[in-house]
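Only one structure is covered here, and it is reproduced in the block below.
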Amino acid sequence: MPVNLPEVIAEVIAACERYEDALVHNKVEVLDELFWQSPHTLRYGATENLYGYDEIQAFRAARPSQGLAREVLRTVITSYGRDFATANLEFRREGSTRTGRQSQTWMRTAQGWRVVAAHVSLLG
């Protein structure tokens, strides 16, 4: 299986950049679009465990829109074949000294690249 095909990496980078923009600007409709609409999708957050697209969508709809700005410190994207990739990044929220971590598993679907699993946590 080819790893890190340049054209696949470019596609996933574009999807991740779109996700990051939607996250910090609270574009809920884009965030909803970028998660795979499946009961198999999951997201573990800093304070919540969400199972299935419906729980993730409900969380996004209820989340406050303040305090979302952050600086991305490092990003590592790895693709496996043409249809599967992981994106891992470190970030720091504005006004905080704590480092956060975000892991996403991306899958190519008929609708485009979608997050099928995500995990967000903060270092002590």
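To be explicit about the labels: the chains of the structure tokens are called A, B, and onward in the order shown, and within each one the residues are counted from 1, while ligands get numbers from 1 in the order they are shown.
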With only C-alpha atoms counted and 7 Å as the cut-off, give the residues of region 39-71 of chain A in contact with region 87-109 of chain A, each with its shortest interatomic distance in Å and the pair that gives it, as a Markdown table.
| residue | atom | partner | partner_atom | distance |
| --- | --- | --- | --- | --- |
| A:Ala69 | CA | A:Glu94 | CA | 5.8 |
| A:Arg70 | CA | A:Arg93 | CA | 4.0 |
| A:Glu71 | CA | A:Arg92 | CA | 5.3 |
Keeping only C-alpha atoms, write the selected residues as a PDB file, in the first residue's frame.
ATOM      1  CA  ALA A  69      -9.600  30.793  18.375  1.00  0.00           C
ATOM      2  CA  ARG A  70      -6.427  28.761  18.560  1.00  0.00           C
ATOM      3  CA  GLU A  71      -2.927  28.528  17.169  1.00  0.00           C
TER       4      GLU A  71
END
Would you compute the distance between CA of Val12 (chain A) and CA of Val30 (chain A)? Give it in Å to one decimal.
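We find that CA of Val12 (chain A) and CA of Val30 (chain A) lie 15.3 Å from each other.
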Close residues, region 20-23 of chain A itself excluded, 10 Å, only C-alpha atoms, min 5 positions apart in chain, as an NGL selection string:
:A and (14-15 or 28-32 or 34 or 60 or 65 or 68-70 or 72)
Set the distance at 6 Å and use only C-alpha atoms: which residues neighbour region 42-59 of chain A once local chain neighbours fewer than 5 positions away are removed? I'd like the list as a ChimeraX atom specification.
/A:37,117-121
Can you work out which one of A:Leu123, A:Val115, A:Ala10, A:Ala61 has the shortest atom-to-atom distance to Thr41 (chain A), counting only C-alpha atoms?
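Selected residue with least distance to Thr41 (chain A): A:Val115.
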Among chain A, which ones does DSSP assign to alpha helix (DSSP H) (computed from the backbone)? Answer as a PDB file with N, CA, C and O atoms, in the first residue's frame.
ATOM      1  N   PRO A   6       1.551  12.130  -2.828  1.00  0.00           N
ATOM      2  CA  PRO A   6       1.463  13.601  -2.787  1.00  0.00           C
ATOM      3  C   PRO A   6       0.072  14.152  -3.101  1.00  0.00           C
ATOM      4  O   PRO A   6      -0.390  15.087  -2.435  1.00  0.00           O
ATOM      5  N   GLU A   7      -0.625  13.582  -4.080  1.00  0.00           N
ATOM      6  CA  GLU A   7      -1.945  14.105  -4.437  1.00  0.00           C
ATOM      7  C   GLU A   7      -2.971  13.819  -3.337  1.00  0.00           C
ATOM      8  O   GLU A   7      -3.876  14.620  -3.089  1.00  0.00           O
ATOM      9  N   VAL A   8      -2.839  12.709  -2.644  1.00  0.00           N
ATOM     10  CA  VAL A   8      -3.749  12.390  -1.544  1.00  0.00           C
ATOM     11  C   VAL A   8      -3.462  13.299  -0.353  1.00  0.00           C
ATOM     12  O   VAL A   8      -4.381  13.849   0.265  1.00  0.00           O
ATOM     13  N   ILE A   9      -2.191  13.479  -0.039  1.00  0.00           N
ATOM     14  CA  ILE A   9      -1.812  14.386   1.049  1.00  0.00           C
ATOM     15  C   ILE A   9      -2.364  15.786   0.782  1.00  0.00           C
ATOM     16  O   ILE A   9      -2.921  16.428   1.682  1.00  0.00           O
ATOM     17  N   ALA A  10      -2.257  16.257  -0.455  1.00  0.00           N
ATOM     18  CA  ALA A  10      -2.768  17.589  -0.803  1.00  0.00           C
ATOM     19  C   ALA A  10      -4.278  17.672  -0.565  1.00  0.00           C
ATOM     20  O   ALA A  10      -4.784  18.678  -0.048  1.00  0.00           O
ATOM     21  N   GLU A  11      -5.009  16.629  -0.921  1.00  0.00           N
ATOM     22  CA  GLU A  11      -6.458  16.608  -0.707  1.00  0.00           C
ATOM     23  C   GLU A  11      -6.800  16.646   0.784  1.00  0.00           C
ATOM     24  O   GLU A  11      -7.703  17.372   1.205  1.00  0.00           O
ATOM     25  N   VAL A  12      -6.081  15.874   1.576  1.00  0.00           N
ATOM     26  CA  VAL A  12      -6.366  15.814   3.008  1.00  0.00           C
ATOM     27  C   VAL A  12      -5.960  17.124   3.682  1.00  0.00           C
ATOM     28  O   VAL A  12      -6.673  17.619   4.569  1.00  0.00           O
ATOM     29  N   ILE A  13      -4.861  17.709   3.269  1.00  0.00           N
ATOM     30  CA  ILE A  13      -4.478  19.027   3.801  1.00  0.00           C
ATOM     31  C   ILE A  13      -5.597  20.031   3.541  1.00  0.00           C
ATOM     32  O   ILE A  13      -5.987  20.785   4.432  1.00  0.00           O
ATOM     33  N   ALA A  14      -6.128  20.033   2.331  1.00  0.00           N
ATOM     34  CA  ALA A  14      -7.213  20.968   1.999  1.00  0.00           C
ATOM     35  C   ALA A  14      -8.440  20.713   2.878  1.00  0.00           C
ATOM     36  O   ALA A  14      -9.059  21.663   3.375  1.00  0.00           O
ATOM     37  N   ALA A  15      -8.777  19.454   3.104  1.00  0.00           N
ATOM     38  CA  ALA A  15      -9.922  19.125   3.963  1.00  0.00           C
ATOM     39  C   ALA A  15      -9.658  19.569   5.399  1.00  0.00           C
ATOM     40  O   ALA A  15     -10.541  20.134   6.062  1.00  0.00           O
ATOM     41  N   CYS A  16      -8.444  19.347   5.884  1.00  0.00           N
ATOM     42  CA  CYS A  16      -8.086  19.748   7.251  1.00  0.00           C
ATOM     43  C   CYS A  16      -8.098  21.261   7.410  1.00  0.00           C
ATOM     44  O   CYS A  16      -8.548  21.771   8.447  1.00  0.00           O
ATOM     45  N   GLU A  17      -7.609  21.978   6.417  1.00  0.00           N
ATOM     46  CA  GLU A  17      -7.630  23.443   6.473  1.00  0.00           C
ATOM     47  C   GLU A  17      -9.062  23.965   6.480  1.00  0.00           C
ATOM     48  O   GLU A  17      -9.391  24.908   7.194  1.00  0.00           O
ATOM     49  N   ARG A  18      -9.915  23.324   5.711  1.00  0.00           N
ATOM     50  CA  ARG A  18     -11.327  23.706   5.692  1.00  0.00           C
ATOM     51  C   ARG A  18     -11.958  23.436   7.055  1.00  0.00           C
ATOM     52  O   ARG A  18     -12.739  24.244   7.561  1.00  0.00           O
ATOM     53  N   TYR A  19     -11.617  22.315   7.658  1.00  0.00           N
ATOM     54  CA  TYR A  19     -12.119  21.967   8.983  1.00  0.00           C
ATOM     55  C   TYR A  19     -11.647  22.996  10.016  1.00  0.00           C
ATOM     56  O   TYR A  19     -12.444  23.475  10.825  1.00  0.00           O
ATOM     57  N   GLU A  20     -10.370  23.327   9.999  1.00  0.00           N
ATOM     58  CA  GLU A  20      -9.811  24.273  10.974  1.00  0.00           C
ATOM     59  C   GLU A  20     -10.494  25.631  10.853  1.00  0.00           C
ATOM     60  O   GLU A  20     -10.852  26.242  11.864  1.00  0.00           O
ATOM     61  N   ASP A  21     -10.680  26.108   9.635  1.00  0.00           N
ATOM     62  CA  ASP A  21     -11.366  27.382   9.425  1.00  0.00           C
ATOM     63  C   ASP A  21     -12.788  27.318   9.970  1.00  0.00           C
ATOM     64  O   ASP A  21     -13.241  28.239  10.654  1.00  0.00           O
ATOM     65  N   ALA A  22     -13.486  26.235   9.700  1.00  0.00           N
ATOM     66  CA  ALA A  22     -14.854  26.090  10.183  1.00  0.00           C
ATOM     67  C   ALA A  22     -14.888  26.009  11.707  1.00  0.00           C
ATOM     68  O   ALA A  22     -15.785  26.564  12.342  1.00  0.00           O
ATOM     69  N   LEU A  23     -13.894  25.350  12.298  1.00  0.00           N
ATOM     70  CA  LEU A  23     -13.844  25.204  13.747  1.00  0.00           C
ATOM     71  C   LEU A  23     -13.675  26.546  14.443  1.00  0.00           C
ATOM     72  O   LEU A  23     -14.439  26.890  15.346  1.00  0.00           O
ATOM     73  N   VAL A  24     -12.692  27.322  14.030  1.00  0.00           N
ATOM     74  CA  VAL A  24     -12.404  28.579  14.735  1.00  0.00           C
ATOM     75  C   VAL A  24     -13.414  29.686  14.407  1.00  0.00           C
ATOM     76  O   VAL A  24     -13.532  30.649  15.157  1.00  0.00           O
ATOM     77  N   VAL A  28     -20.825  25.796  11.749  1.00  0.00           N
ATOM     78  CA  VAL A  28     -21.367  24.504  12.164  1.00  0.00           C
ATOM     79  C   VAL A  28     -21.773  23.654  10.963  1.00  0.00           C
ATOM     80  O   VAL A  28     -21.553  22.439  10.953  1.00  0.00           O
ATOM     81  N   GLU A  29     -22.338  24.281   9.945  1.00  0.00           N
ATOM     82  CA  GLU A  29     -22.776  23.516   8.772  1.00  0.00           C
ATOM     83  C   GLU A  29     -21.604  22.841   8.062  1.00  0.00           C
ATOM     84  O   GLU A  29     -21.732  21.726   7.556  1.00  0.00           O
ATOM     85  N   VAL A  30     -20.450  23.485   8.035  1.00  0.00           N
ATOM     86  CA  VAL A  30     -19.257  22.875   7.417  1.00  0.00           C
ATOM     87  C   VAL A  30     -18.730  21.755   8.308  1.00  0.00           C
ATOM     88  O   VAL A  30     -18.370  20.685   7.817  1.00  0.00           O
ATOM     89  N   LEU A  31     -18.688  21.985   9.613  1.00  0.00           N
ATOM     90  CA  LEU A  31     -18.248  20.932  10.533  1.00  0.00           C
ATOM     91  C   LEU A  31     -19.152  19.712  10.407  1.00  0.00           C
ATOM     92  O   LEU A  31     -18.670  18.577  10.350  1.00  0.00           O
ATOM     93  N   ASP A  32     -20.461  19.931  10.342  1.00  0.00           N
ATOM     94  CA  ASP A  32     -21.394  18.816  10.169  1.00  0.00           C
ATOM     95  C   ASP A  32     -21.128  18.079   8.858  1.00  0.00           C
ATOM     96  O   ASP A  32     -21.142  16.852   8.813  1.00  0.00           O
ATOM     97  N   GLU A  33     -20.869  18.835   7.810  1.00  0.00           N
ATOM     98  CA  GLU A  33     -20.608  18.230   6.496  1.00  0.00           C
ATOM     99  C   GLU A  33     -19.360  17.353   6.520  1.00  0.00           C
ATOM    100  O   GLU A  33     -19.318  16.309   5.867  1.00  0.00           O
ATOM    101  N   LEU A  34     -18.335  17.777   7.255  1.00  0.00           N
ATOM    102  CA  LEU A  34     -17.046  17.087   7.206  1.00  0.00           C
ATOM    103  C   LEU A  34     -16.975  15.827   8.076  1.00  0.00           C
ATOM    104  O   LEU A  34     -15.992  15.103   8.010  1.00  0.00           O
ATOM    105  N   TYR A  53     -23.008  10.058  14.317  1.00  0.00           N
ATOM    106  CA  TYR A  53     -23.105  11.387  13.714  1.00  0.00           C
ATOM    107  C   TYR A  53     -24.128  12.265  14.429  1.00  0.00           C
ATOM    108  O   TYR A  53     -23.887  13.455  14.647  1.00  0.00           O
ATOM    109  N   ASP A  54     -25.269  11.696  14.819  1.00  0.00           N
ATOM    110  CA  ASP A  54     -26.324  12.503  15.424  1.00  0.00           C
ATOM    111  C   ASP A  54     -25.865  13.151  16.729  1.00  0.00           C
ATOM    112  O   ASP A  54     -26.171  14.322  16.992  1.00  0.00           O
ATOM    113  N   GLU A  55     -25.121  12.416  17.563  1.00  0.00           N
ATOM    114  CA  GLU A  55     -24.614  12.992  18.815  1.00  0.00           C
ATOM    115  C   GLU A  55     -23.592  14.090  18.533  1.00  0.00           C
ATOM    116  O   GLU A  55     -23.571  15.113  19.220  1.00  0.00           O
ATOM    117  N   ILE A  56     -22.753  13.875  17.535  1.00  0.00           N
ATOM    118  CA  ILE A  56     -21.743  14.879  17.176  1.00  0.00           C
ATOM    119  C   ILE A  56     -22.430  16.151  16.674  1.00  0.00           C
ATOM    120  O   ILE A  56     -22.086  17.261  17.080  1.00  0.00           O
ATOM    121  N   GLN A  57     -23.412  15.985  15.831  1.00  0.00           N
ATOM    122  CA  GLN A  57     -24.137  17.129  15.286  1.00  0.00           C
ATOM    123  C   GLN A  57     -24.858  17.897  16.398  1.00  0.00           C
ATOM    124  O   GLN A  57     -24.829  19.135  16.429  1.00  0.00           O
ATOM    125  N   ALA A  58     -25.482  17.199  17.330  1.00  0.00           N
ATOM    126  CA  ALA A  58     -26.181  17.860  18.438  1.00  0.00           C
ATOM    127  C   ALA A  58     -25.195  18.629  19.322  1.00  0.00           C
ATOM    128  O   ALA A  58     -25.493  19.746  19.772  1.00  0.00           O
ATOM    129  N   PHE A  59     -24.022  18.057  19.558  1.00  0.00           N
ATOM    130  CA  PHE A  59     -22.994  18.739  20.341  1.00  0.00           C
ATOM    131  C   PHE A  59     -22.585  20.042  19.665  1.00  0.00           C
ATOM    132  O   PHE A  59     -22.501  21.090  20.296  1.00  0.00           O
ATOM    133  N   ARG A  60     -22.321  19.981  18.378  1.00  0.00           N
ATOM    134  CA  ARG A  60     -21.901  21.179  17.636  1.00  0.00           C
ATOM    135  C   ARG A  60     -22.972  22.263  17.699  1.00  0.00           C
ATOM    136  O   ARG A  60     -22.668  23.444  17.842  1.00  0.00           O
ATOM    137  N   ALA A  61     -24.216  21.862  17.568  1.00  0.00           N
ATOM    138  CA  ALA A  61     -25.313  22.833  17.564  1.00  0.00           C
ATOM    139  C   ALA A  61     -25.436  23.546  18.911  1.00  0.00           C
ATOM    140  O   ALA A  61     -25.825  24.715  18.964  1.00  0.00           O
ATOM    141  N   ALA A  62     -25.082  22.870  20.003  1.00  0.00           N
ATOM    142  CA  ALA A  62     -25.242  23.437  21.344  1.00  0.00           C
ATOM    143  C   ALA A  62     -23.991  24.112  21.877  1.00  0.00           C
ATOM    144  O   ALA A  62     -24.052  24.804  22.890  1.00  0.00           O
TER     145      ALA A  62
END
Provide the CA of His25 (chain A) to CA of Gly67 (chain A) distance in Å, to one decimal place.
10.1 Å
Write out as JSON, numbers by chain the set of residues from region 6-101 of chain A that DSSP, computed on the backbone, places in strand (DSSP E or B).
{"A": [35, 42, 43, 44, 49, 50, 51, 70, 71, 72, 73, 74, 75, 76, 77, 78, 79, 80, 84, 85, 86, 87, 88, 89, 90, 91, 92, 93, 100, 101]}
Can you spit out the residues from that selection as a compact mmCIF listing (two decimals), in the first residue's frame, using C-alpha atoms?
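Just written: result.txt:
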# COMPACT_ATOMS: atom_id res chain seq x y z
CA PHE A 35 -18.07 14.31 9.61
CA LEU A 42 -17.24 8.91 16.94
CA ARG A 43 -15.67 11.90 18.61
CA TYR A 44 -13.98 11.92 21.99
CA ASN A 49 -17.75 11.14 24.36
CA LEU A 50 -19.96 11.25 21.28
CA TYR A 51 -21.10 8.12 19.47
CA ARG A 70 -6.43 28.76 18.56
CA GLU A 71 -2.93 28.53 17.17
CA VAL A 72 -1.93 25.31 15.44
CA LEU A 73 1.58 24.42 16.62
CA ARG A 74 2.26 21.29 14.60
CA THR A 75 0.41 19.09 12.11
CA VAL A 76 1.25 15.57 10.92
CA ILE A 77 -0.83 14.07 8.11
CA THR A 78 -0.26 10.54 6.84
CA SER A 79 -2.21 8.86 4.05
CA TYR A 80 -2.54 5.13 3.55
CA PHE A 84 -7.63 6.68 4.23
CA ALA A 85 -5.58 9.17 6.22
CA THR A 86 -4.84 10.42 9.71
CA ALA A 87 -4.33 14.02 10.78
CA ASN A 88 -2.79 14.84 14.14
CA LEU A 89 -2.12 18.31 15.42
CA GLU A 90 -1.06 20.20 18.50
CA PHE A 91 -2.72 23.50 19.30
CA ARG A 92 -2.98 26.21 21.92
CA ARG A 93 -6.17 28.18 22.56
CA GLY A 100 -4.13 20.53 23.12
CA ARG A 101 -4.01 17.55 20.81
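Closest approach to Gln111 (chain A) among A:Trp36, A:Arg63, A:Arg82, A:Gly124 is made by A:Trp36 (distances from only C-alpha atoms).
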